[in-house]
>>> print(open('start.txt').read())   # compact mmCIF, C-alpha atoms and all ligand atoms
# COMPACT_ATOMS: atom_id res chain seq x y z
CA MET A 1 146.64 187.85 147.18
CA LYS A 2 146.30 186.89 143.49
CA ASN A 3 149.43 186.37 141.37
CA ALA A 4 149.73 188.86 138.56
CA ARG A 5 150.27 186.06 136.07
CA PHE A 6 147.78 183.24 135.50
CA ILE A 7 149.73 179.98 135.77
CA PRO A 8 148.02 177.46 133.49
CA LEU A 9 148.16 173.70 133.89
CA SER A 10 149.65 172.83 130.52
CA VAL A 11 149.87 174.96 127.39
CA PRO A 12 151.67 174.50 124.06
CA ASN A 13 155.11 175.95 123.47
CA LEU A 14 155.34 177.11 119.85
CA GLY A 15 157.85 179.40 118.19
CA ARG A 16 159.49 180.63 115.02
CA GLU A 17 160.49 177.15 113.86
CA GLU A 18 156.86 175.96 113.68
CA LYS A 19 155.83 179.18 111.94
CA ILE A 20 158.52 178.83 109.26
CA LEU A 21 157.42 175.31 108.33
CA VAL A 22 153.68 176.11 108.48
CA ASP A 23 154.30 179.23 106.35
CA ARG A 24 156.05 177.04 103.81
CA CYS A 25 152.88 174.90 103.53
CA ILE A 26 150.80 178.00 102.93
CA GLU A 27 153.24 179.55 100.46
CA THR A 28 153.34 176.33 98.40
CA SER A 29 149.62 175.54 98.91
CA TRP A 30 150.51 172.09 100.22
CA VAL A 31 148.11 172.09 103.13
CA SER A 32 146.28 168.76 102.83
CA SER A 33 147.39 165.21 103.68
CA ALA A 34 149.05 164.94 100.28
CA GLY A 35 151.96 167.18 101.33
CA ALA A 36 155.52 165.89 101.81
CA TYR A 37 155.74 166.84 105.50
CA VAL A 38 153.33 164.03 106.42
CA ALA A 39 155.76 161.28 105.40
CA GLU A 40 158.70 163.33 106.71
CA PHE A 41 157.07 163.55 110.15
CA GLU A 42 156.44 159.79 110.09
CA ARG A 43 160.10 159.15 109.23
CA ALA A 44 161.22 161.53 112.00
CA ILE A 45 159.08 159.65 114.55
CA CYS A 46 160.66 156.36 113.43
CA ALA A 47 164.16 157.85 113.68
CA TYR A 48 163.46 159.22 117.17
CA THR A 49 161.65 156.22 118.69
CA GLY A 50 163.37 153.41 116.84
CA ALA A 51 159.99 152.05 115.72
CA ARG A 52 160.19 150.46 112.27
CA TYR A 53 156.98 152.03 110.98
CA ALA A 54 154.91 155.10 111.82
CA VAL A 55 151.55 156.04 110.36
CA SER A 56 150.05 159.44 111.06
CA CYS A 57 146.48 159.79 112.27
CA VAL A 58 144.03 162.64 112.94
CA ASN A 59 144.28 162.03 116.68
CA ALA A 60 145.33 159.33 119.13
CA THR A 61 141.75 158.29 119.90
CA MET A 62 141.22 157.17 116.32
CA GLY A 63 144.76 155.76 116.22
CA LEU A 64 143.85 153.52 119.16
CA PHE A 65 140.60 152.50 117.49
CA LEU A 66 142.43 151.54 114.30
CA SER A 67 145.24 149.72 116.12
CA LEU A 68 142.73 147.64 118.10
CA LYS A 69 140.81 146.86 114.93
CA LEU A 70 143.97 145.73 113.15
CA CYS A 71 144.90 143.61 116.17
CA GLY A 72 141.71 141.67 115.58
CA VAL A 73 139.38 143.18 118.19
CA GLU A 74 135.81 142.54 117.05
CA ALA A 75 132.29 143.30 118.25
CA GLY A 76 131.53 141.20 121.33
CA ASP A 77 135.20 140.90 122.38
CA GLU A 78 136.71 142.30 125.55
CA VAL A 79 139.87 144.38 125.95
CA ILE A 80 141.64 144.75 129.30
CA ALA A 81 142.20 148.44 130.00
CA PRO A 82 142.85 150.71 133.00
CA ALA A 83 140.11 152.07 135.24
CA LEU A 84 142.38 155.05 135.84
CA THR A 85 143.03 156.90 132.61
CA PHE A 86 141.52 159.46 130.29
CA ILE A 87 138.40 157.99 128.67
CA ALA A 88 139.70 158.11 125.06
CA PRO A 89 141.14 154.55 124.94
CA ILE A 90 137.95 153.20 126.52
CA ASN A 91 135.85 154.97 123.90
CA ALA A 92 138.13 153.52 121.21
CA ILE A 93 137.33 150.01 122.46
CA SER A 94 133.60 150.81 122.31
CA TYR A 95 133.72 152.08 118.72
CA LEU A 96 134.47 148.47 117.73
CA GLY A 97 131.47 147.09 119.62
CA ALA A 98 133.89 145.56 122.14
CA GLN A 99 133.84 146.07 125.90
CA PRO A 100 136.53 147.06 128.38
CA VAL A 101 137.45 144.95 131.40
CA PHE A 102 138.74 147.47 133.91
CA MET A 103 141.99 146.77 135.71
CA ASP A 104 143.54 148.41 138.77
CA CYS A 105 146.76 150.44 138.70
CA ASP A 106 150.21 149.96 140.20
CA GLY A 107 151.99 152.50 142.42
CA TYR A 108 152.75 154.74 139.41
CA LEU A 109 149.11 154.94 138.17
CA ASN A 110 149.79 152.39 135.40
CA LEU A 111 148.05 149.09 134.66
CA ASP A 112 148.98 146.60 137.40
CA PRO A 113 150.62 143.48 135.91
CA VAL A 114 150.16 141.49 139.13
CA LYS A 115 146.39 141.90 139.04
CA LEU A 116 146.37 141.41 135.27
CA GLU A 117 147.99 137.99 135.67
CA ARG A 118 145.74 137.05 138.59
CA PHE A 119 142.65 138.02 136.62
CA LEU A 120 143.66 135.92 133.63
CA ARG A 121 144.63 132.97 135.82
CA GLU A 122 141.64 132.99 138.17
CA GLU A 123 138.79 134.59 136.24
CA CYS A 124 139.41 133.38 132.70
CA VAL A 125 139.54 130.09 130.86
CA ARG A 126 141.57 129.11 127.81
CA THR A 127 139.50 127.78 124.91
CA ALA A 128 140.25 126.81 121.30
CA LYS A 129 139.08 130.30 120.28
CA GLY A 130 141.28 132.11 122.80
CA VAL A 131 140.97 133.28 126.39
CA LYS A 132 137.42 133.71 127.69
CA ASN A 133 136.22 135.77 130.62
CA ARG A 134 134.28 133.25 132.76
CA ARG A 135 131.89 135.89 134.06
CA SER A 136 130.84 137.38 130.70
CA GLY A 137 131.60 134.44 128.41
CA ARG A 138 133.29 136.89 126.04
CA ARG A 139 136.63 136.42 124.30
CA ILE A 140 139.44 138.64 125.58
CA ARG A 141 141.42 139.77 122.58
CA ALA A 142 143.86 142.42 123.76
CA VAL A 143 145.42 144.41 126.59
CA LEU A 144 145.60 148.19 126.37
CA PRO A 145 148.13 149.59 128.87
CA VAL A 146 148.34 153.39 129.16
CA HIS A 147 151.61 155.13 130.07
CA VAL A 148 149.87 157.51 132.46
CA PHE A 149 151.27 161.06 132.66
CA GLY A 150 154.38 159.88 130.78
CA ASN A 151 155.50 157.25 133.29
CA PRO A 152 156.37 154.05 131.40
CA CYS A 153 154.29 150.97 132.29
CA GLN A 154 155.86 147.68 133.38
CA MET A 155 155.84 146.56 129.76
CA ASP A 156 158.26 143.64 130.25
CA LYS A 157 155.77 141.97 132.60
CA ILE A 158 152.68 143.00 130.61
CA MET A 159 154.19 141.59 127.39
CA ARG A 160 155.16 138.31 129.05
CA ILE A 161 151.64 137.85 130.45
CA ALA A 162 149.93 138.89 127.22
CA ARG A 163 152.03 136.51 125.12
CA CYS A 164 151.43 133.68 127.59
CA TYR A 165 147.65 134.11 127.11
CA GLY A 166 147.79 134.86 123.37
CA LEU A 167 146.62 138.45 123.78
CA ARG A 168 147.55 141.36 121.50
CA VAL A 169 148.96 144.54 123.06
CA VAL A 170 148.16 148.10 122.01
CA GLU A 171 150.06 150.71 124.01
CA ASP A 172 148.40 154.03 124.67
CA ALA A 173 151.47 156.26 124.69
CA ALA A 174 149.40 159.41 124.10
CA GLU A 175 151.05 161.10 127.06
CA ALA A 176 154.44 159.42 126.81
CA MET A 177 156.20 160.78 123.71
CA GLY A 178 159.90 160.58 124.57
CA SER A 179 159.57 158.33 127.65
CA ALA A 180 161.98 155.40 127.65
CA TYR A 181 163.41 152.48 129.60
CA ASN A 182 167.03 152.61 130.74
CA ARG A 183 167.41 149.24 132.45
CA GLY A 184 166.51 145.58 132.05
CA THR A 185 165.32 143.82 128.91
CA LEU A 186 163.68 146.99 127.57
CA LYS A 187 166.79 149.16 127.99
CA GLY A 188 166.97 151.75 125.20
CA LYS A 189 163.39 151.24 124.07
CA PHE A 190 160.72 153.94 124.02
CA ALA A 191 157.26 153.63 125.53
CA GLY A 192 154.88 152.94 122.67
CA THR A 193 157.29 150.78 120.68
CA ILE A 194 157.01 147.52 122.62
CA GLY A 195 153.51 146.15 122.00
CA ASP A 196 151.98 145.13 118.65
CA ALA A 197 151.20 148.82 118.13
CA GLY A 198 151.61 152.04 120.10
CA VAL A 199 149.90 155.38 119.72
CA PHE A 200 151.16 158.91 120.49
CA SER A 201 148.99 162.02 120.80
CA PHE A 202 149.92 165.51 119.66
CA ASN A 203 146.89 167.19 121.20
CA GLY A 204 147.44 170.76 122.41
CA ASN A 205 148.25 169.79 126.00
CA LYS A 206 150.81 167.08 125.14
CA ILE A 207 154.61 167.47 125.41
CA ILE A 208 154.74 168.18 121.68
CA THR A 209 151.71 169.24 119.69
CA THR A 210 150.33 169.52 116.19
CA GLY A 211 147.10 171.13 117.42
CA ALA A 212 145.37 167.79 117.11
CA GLY A 213 147.06 164.68 115.82
CA GLY A 214 148.37 161.24 116.54
CA MET A 215 150.88 158.66 115.35
CA ILE A 216 150.59 154.88 115.27
CA VAL A 217 153.93 153.07 115.56
CA THR A 218 154.59 149.39 115.03
CA ASN A 219 157.35 146.98 114.07
CA SER A 220 154.98 144.96 111.90
CA LYS A 221 155.16 145.80 108.21
CA LYS A 222 151.76 144.20 107.62
CA LEU A 223 150.05 146.20 110.37
CA ALA A 224 151.67 149.43 109.14
CA GLN A 225 150.56 148.79 105.56
CA GLN A 226 147.00 148.05 106.68
CA CYS A 227 147.04 151.16 108.84
CA LYS A 228 148.13 153.40 105.99
CA TYR A 229 145.54 151.78 103.70
CA LEU A 230 142.66 152.28 106.13
CA THR A 231 143.65 155.83 107.14
CA THR A 232 143.52 156.87 103.48
CA GLN A 233 140.03 155.62 102.54
CA ALA A 234 141.23 152.11 101.60
CA LYS A 235 142.13 153.20 98.09
CA ASP A 236 143.11 150.17 96.00
CA ASP A 237 143.45 152.04 92.73
CA PRO A 238 144.34 155.72 93.11
CA VAL A 239 143.58 156.52 89.46
CA ARG A 240 140.22 154.82 88.99
CA TYR A 241 139.27 155.15 92.68
CA ILE A 242 138.60 151.51 93.47
CA HIS A 243 137.97 150.77 97.19
CA ASN A 244 137.63 147.15 98.25
CA GLU A 245 137.16 147.91 101.94
CA ILE A 246 135.55 150.58 104.07
CA GLY A 247 138.33 153.03 104.92
CA TYR A 248 138.63 156.20 106.95
CA ASN A 249 139.81 159.75 106.32
CA PHE A 250 142.28 159.68 109.20
CA ARG A 251 145.57 161.00 107.79
CA LEU A 252 147.29 164.02 109.35
CA THR A 253 147.47 167.18 107.22
CA ASN A 254 150.67 168.74 105.90
CA LEU A 255 150.05 171.80 108.15
CA SER A 256 149.88 169.65 111.29
CA SER A 257 152.84 167.53 110.21
CA ALA A 258 154.92 170.68 109.62
CA MET A 259 154.24 171.69 113.22
CA GLY A 260 155.05 168.17 114.37
CA ILE A 261 158.46 168.18 112.66
CA ALA A 262 159.42 171.47 114.33
CA GLN A 263 158.07 170.32 117.71
CA LEU A 264 159.88 166.98 117.58
CA ARG A 265 163.19 168.84 117.15
CA LYS A 266 162.47 170.51 120.51
CA LEU A 267 161.39 167.37 122.37
CA GLU A 268 164.71 166.76 124.14
CA ARG A 269 164.77 170.37 125.35
CA PHE A 270 161.16 170.12 126.54
CA LYS A 271 162.00 166.92 128.42
CA ARG A 272 164.93 168.63 130.16
CA ILE A 273 162.71 171.55 131.22
CA LYS A 274 159.97 169.19 132.46
CA LYS A 275 162.49 167.19 134.48
CA LYS A 276 164.11 170.30 135.95
CA ASN A 277 160.74 171.67 137.11
CA TYR A 278 159.69 168.27 138.45
CA LEU A 279 162.85 168.15 140.58
CA LEU A 280 162.29 171.75 141.73
CA TYR A 281 158.74 170.93 142.87
CA LYS A 282 159.93 167.71 144.47
CA SER A 283 162.65 169.28 146.56
CA ALA A 284 160.56 172.35 147.50
CA LEU A 285 157.65 170.17 148.65
CA SER A 286 159.75 167.48 150.30
CA GLY A 287 159.49 169.04 153.75
CA VAL A 288 155.74 169.65 153.62
CA GLU A 289 153.94 167.24 155.92
CA GLY A 290 151.27 165.19 154.14
CA LEU A 291 152.30 165.99 150.58
CA SER A 292 154.48 164.11 148.10
CA LEU A 293 155.08 164.17 144.38
CA LEU A 294 154.44 160.89 142.54
CA ASP A 295 157.78 159.16 141.91
CA THR A 296 158.92 157.88 138.55
CA PRO A 297 159.31 154.12 137.99
CA GLU A 298 162.79 152.69 138.49
CA GLY A 299 164.67 151.79 135.34
CA THR A 300 162.90 154.42 133.24
CA SER A 301 163.58 157.91 131.93
CA PRO A 302 160.11 159.43 131.61
CA ASN A 303 159.19 162.62 129.80
CA TYR A 304 157.82 164.09 133.06
CA TRP A 305 154.71 165.24 131.20
CA PHE A 306 152.45 165.81 134.23
CA TYR A 307 153.34 166.28 137.91
CA SER A 308 151.04 164.49 140.34
CA LEU A 309 150.81 165.80 143.88
CA ILE A 310 149.57 163.16 146.33
CA ILE A 311 147.76 164.35 149.44
CA ASP A 312 147.70 162.36 152.67
CA LYS A 313 144.42 163.44 154.26
CA HIS A 314 145.59 162.40 157.72
CA ARG A 315 148.65 164.63 157.64
CA PHE A 316 147.61 167.56 155.40
CA PRO A 317 144.83 169.85 156.66
CA LEU A 318 143.08 170.45 153.30
CA SER A 319 141.26 168.00 151.06
CA ARG A 320 142.35 167.77 147.41
CA ASP A 321 139.32 169.78 146.26
CA ARG A 322 139.80 172.46 148.90
CA LEU A 323 143.47 172.85 147.94
CA MET A 324 142.44 173.23 144.29
CA GLN A 325 139.98 175.99 145.23
CA VAL A 326 142.65 177.86 147.21
CA LEU A 327 145.09 177.66 144.28
CA ALA A 328 142.42 178.71 141.76
CA ARG A 329 141.79 181.83 143.81
CA LYS A 330 145.50 182.60 143.44
CA ASN A 331 145.33 182.28 139.65
CA ILE A 332 146.93 178.84 139.59
CA GLU A 333 145.27 176.17 137.46
CA THR A 334 145.34 172.57 138.69
CA ARG A 335 143.38 169.46 137.75
CA PRO A 336 142.11 166.45 139.67
CA ILE A 337 142.84 163.02 138.29
CA TRP A 338 140.15 161.61 135.97
CA TYR A 339 136.88 160.24 137.30
CA LEU A 340 137.40 156.49 137.10
CA ASN A 341 136.21 154.79 133.93
CA HIS A 342 134.21 152.00 135.57
CA TRP A 343 132.09 154.70 137.25
CA GLN A 344 131.36 156.54 133.98
CA LYS A 345 127.75 156.16 132.87
CA PRO A 346 128.36 154.28 129.58
CA PHE A 347 130.67 151.75 131.27
CA ARG A 348 129.01 151.06 134.62
CA GLY A 349 127.91 147.59 133.54
CA CYS A 350 131.43 146.48 132.51
CA HIS A 351 133.58 144.11 134.52
CA ALA A 352 135.99 145.89 136.90
CA TYR A 353 138.61 143.68 138.48
CA GLY A 354 140.05 144.54 141.89
CA VAL A 355 140.01 148.30 141.35
CA GLU A 356 141.21 149.59 144.73
CA ARG A 357 144.47 151.48 144.38
CA ALA A 358 142.99 153.57 141.56
CA VAL A 359 140.16 154.68 143.89
CA ASP A 360 142.69 155.79 146.49
CA PHE A 361 144.70 157.77 143.91
CA TRP A 362 141.50 159.27 142.49
CA ARG A 363 140.72 160.79 145.89
CA ARG A 364 144.19 162.12 146.56
CA VAL A 365 145.91 163.23 143.35
CA VAL A 366 146.01 166.72 141.91
CA ASN A 367 148.09 167.74 138.88
CA LEU A 368 150.24 170.86 139.17
CA PRO A 369 151.18 173.35 136.43
CA CYS A 370 153.73 171.73 134.12
CA SER A 371 153.98 173.73 130.86
CA THR A 372 157.41 173.89 129.27
CA ASP A 373 157.45 177.69 129.63
CA LEU A 374 157.03 177.38 133.41
CA SER A 375 159.84 179.34 135.08
CA SER A 376 161.58 178.59 138.38
CA ASP A 377 159.72 181.62 139.78
CA ASP A 378 156.40 180.11 138.70
CA VAL A 379 157.27 176.85 140.47
CA ALA A 380 158.22 178.86 143.58
CA THR A 381 154.87 180.73 143.37
CA VAL A 382 152.89 177.47 143.19
CA VAL A 383 154.86 175.92 146.06
CA ASP A 384 154.45 179.04 148.17
CA ALA A 385 150.68 179.03 147.55
CA ILE A 386 150.48 175.36 148.54
CA LYS A 387 152.46 175.99 151.74
CA ARG A 388 150.36 179.03 152.68
CA SER A 389 147.12 177.09 152.03
CA ARG A 390 147.69 175.29 155.34
CA GLY A 391 146.80 178.52 157.15
C1 LIG B 401 145.91 158.62 127.91
C2 LIG B 401 145.31 159.27 126.71
N1 LIG B 401 144.88 158.49 125.71
C3 LIG B 401 144.34 159.02 124.60
C4 LIG B 401 144.23 160.37 124.44
C5 LIG B 401 143.57 160.88 123.21
O1 LIG B 401 144.41 161.65 122.44
P1 LIG B 401 143.81 162.57 121.28
O2 LIG B 401 143.34 163.82 121.93
O3 LIG B 401 144.98 162.80 120.39
O4 LIG B 401 142.70 161.82 120.62
C6 LIG B 401 144.68 161.23 125.45
C7 LIG B 401 144.65 162.70 125.42
O5 LIG B 401 144.04 163.45 124.81
C8 LIG B 401 145.23 160.67 126.62
O6 LIG B 401 145.64 161.44 127.62
>>> encode(input="start.txt", output="structure tokens")
Amino acid sequence: MKNARFIPLSVPNLGREEKILVDRCIETSWVSSAGAYVAEFERAICAYTGARYAVSCVNATMGLFLSLKLCGVEAGDEVIAPALTFIAPINAISYLGAQPVFMDCDGYLNLDPVKLERFLREECVRTAKGVKNRRSGRRIRAVLPVHVFGNPCQMDKIMRIARCYGLRVVEDAAEAMGSAYNRGTLKGKFAGTIGDAGVFSFNGNKIITTGAGGMIVTNSKKLAQQCKYLTTQAKDDPVRYIHNEIGYNFRLTNLSSAMGIAQLRKLERFKRIKKKNYLLYKSALSGVEGLSLLDTPEGTSPNYWFYSLIIDKHRFPLSRDRLMQVLARKNIETRPIWYLNHWQKPFRGCHAYGVERAVDFWRRVVNLPCSTDLSSDDVATVVDAIKRSRG
């Protein structure tokens, strides 16, 4: 039987507070990037994350592109990036004429630091111009870890390895707004604030949204200044319109920033709801043979953005795709994990190093509904449908 209510995978949660601030933009006609909410949103992101600088951007994809560019990635370089992630950061590498080297994931779907180190030690050579990939002869300039589904990467290890090999680090924290570390050397720090630059996304499906939008954070004053300069058409003289470099029109609008300010005020509440529903799913599914919910890494407090159900094909009677079909028929939206990046047509020729665990996860993971308006009854409905799917 179909549920009366369609249970979507992940939808925005907007209310009166967003409307009041957006209305204010319309009433005052401050709708473009010149409005005061843009800088206010940037300051609020700094205050929340502890990052020294924040520069708004039209979306995280272009924020990643710009961060890589400002970290010195050039045409012909290589950037180490995950095989298992949304394609946006891989596209960002390509916009610069650089190429990805695909890396496997750890047990939490994040870039594996053990394989990263092994790759650099065994497959690369240090030269006067930096680290070179022996196979391609190209310079490796940066590492781009992605905090997948909001679970923080092992940034302490990734940073140590990157610094040891002279590599820059750009964190893709698109999915990890509000995720933090609560133990070890990174205790108290937020995902996205540890590398040379980090990028958050405020796309409609993220934990907080501005419709579309992104934010670049960094502790480097120079990088932040260059970022601001390039996102605003590289204007050297705002009166006579002198531009000494090729810039971009990448700044967020006042309308989007107004939404962002209101959403950021709700982030802690959204995180609590996400965690509560994650724990509900986890305990309700704990007795189901062949199913488990992906754990969160020790020493972290993630934002619980997406919930990943892992299927053991030897102990659960349905394949991942079959389970998705059964749930879809019951009005429940789910999503498989992304097709791996080294299999995508534009990137098939790129170097992929030891990608094994990612292949296993790709076969077995399905994401469950996780919106912040998901009720306990909705969770119970999804769990019930999963249990009944076994026949
Ligand atoms: C891991 C990851 N990186 C980058 C992006 C790109 O973000 P945006 O849509 O803001 O460009 C997304 C999501 O959209 C994402 O999930």
>>> residues_near_ligand(input="start.txt", ligand="ligand LIG 401 (chain B)", cutoff="7 Å", atoms="all atoms listed in the file", output="NGL selection string")
:A and (59-62 or 85-86 or 88-89 or 146 or 148 or 172-175 or 201-203 or 212-214)
>>> write_last_selection(input="start.txt", atoms="C-alpha atoms", output="CSV table (one decimal), keeping the file's coordinate frame")
chain,number,residue,atom,x,y,z
A,59,ASN,CA,144.3,162.0,116.7
A,60,ALA,CA,145.3,159.3,119.1
A,61,THR,CA,141.8,158.3,119.9
A,62,MET,CA,141.2,157.2,116.3
A,85,THR,CA,143.0,156.9,132.6
A,86,PHE,CA,141.5,159.5,130.3
A,88,ALA,CA,139.7,158.1,125.1
A,89,PRO,CA,141.1,154.6,124.9
A,146,VAL,CA,148.3,153.4,129.2
A,148,VAL,CA,149.9,157.5,132.5
A,172,ASP,CA,148.4,154.0,124.7
A,173,ALA,CA,151.5,156.3,124.7
A,174,ALA,CA,149.4,159.4,124.1
A,175,GLU,CA,151.0,161.1,127.1
A,201,SER,CA,149.0,162.0,120.8
A,202,PHE,CA,149.9,165.5,119.7
A,203,ASN,CA,146.9,167.2,121.2
A,212,ALA,CA,145.4,167.8,117.1
A,213,GLY,CA,147.1,164.7,115.8
A,214,GLY,CA,148.4,161.2,116.5
>>> residues_near_point(input="start.txt", point="(152.1, 130.0, 128.8)", cutoff="12 Å", atoms="all atoms listed in the file", output="PyMOL selection string")
chain A and resi 117+120-121+126+131+159-167
>>> closest_residue(input="start.txt", among="A:Leu70, A:Cys124, A:Ala92, A:Val22", to="A:Tyr37", atoms="all atoms listed in the file")
A:Val22
>>> closest_residue(input="start.txt", among="A:Arg5, A:Ala83, A:Ser136, A:Val58", to="A:Thr232", atoms="only C-alpha atoms")
A:Val58
>>> atom_distance(input="start.txt", atom1="atom CA of A:Val199", atom2="atom CA of A:Ser33")
19.0 Å
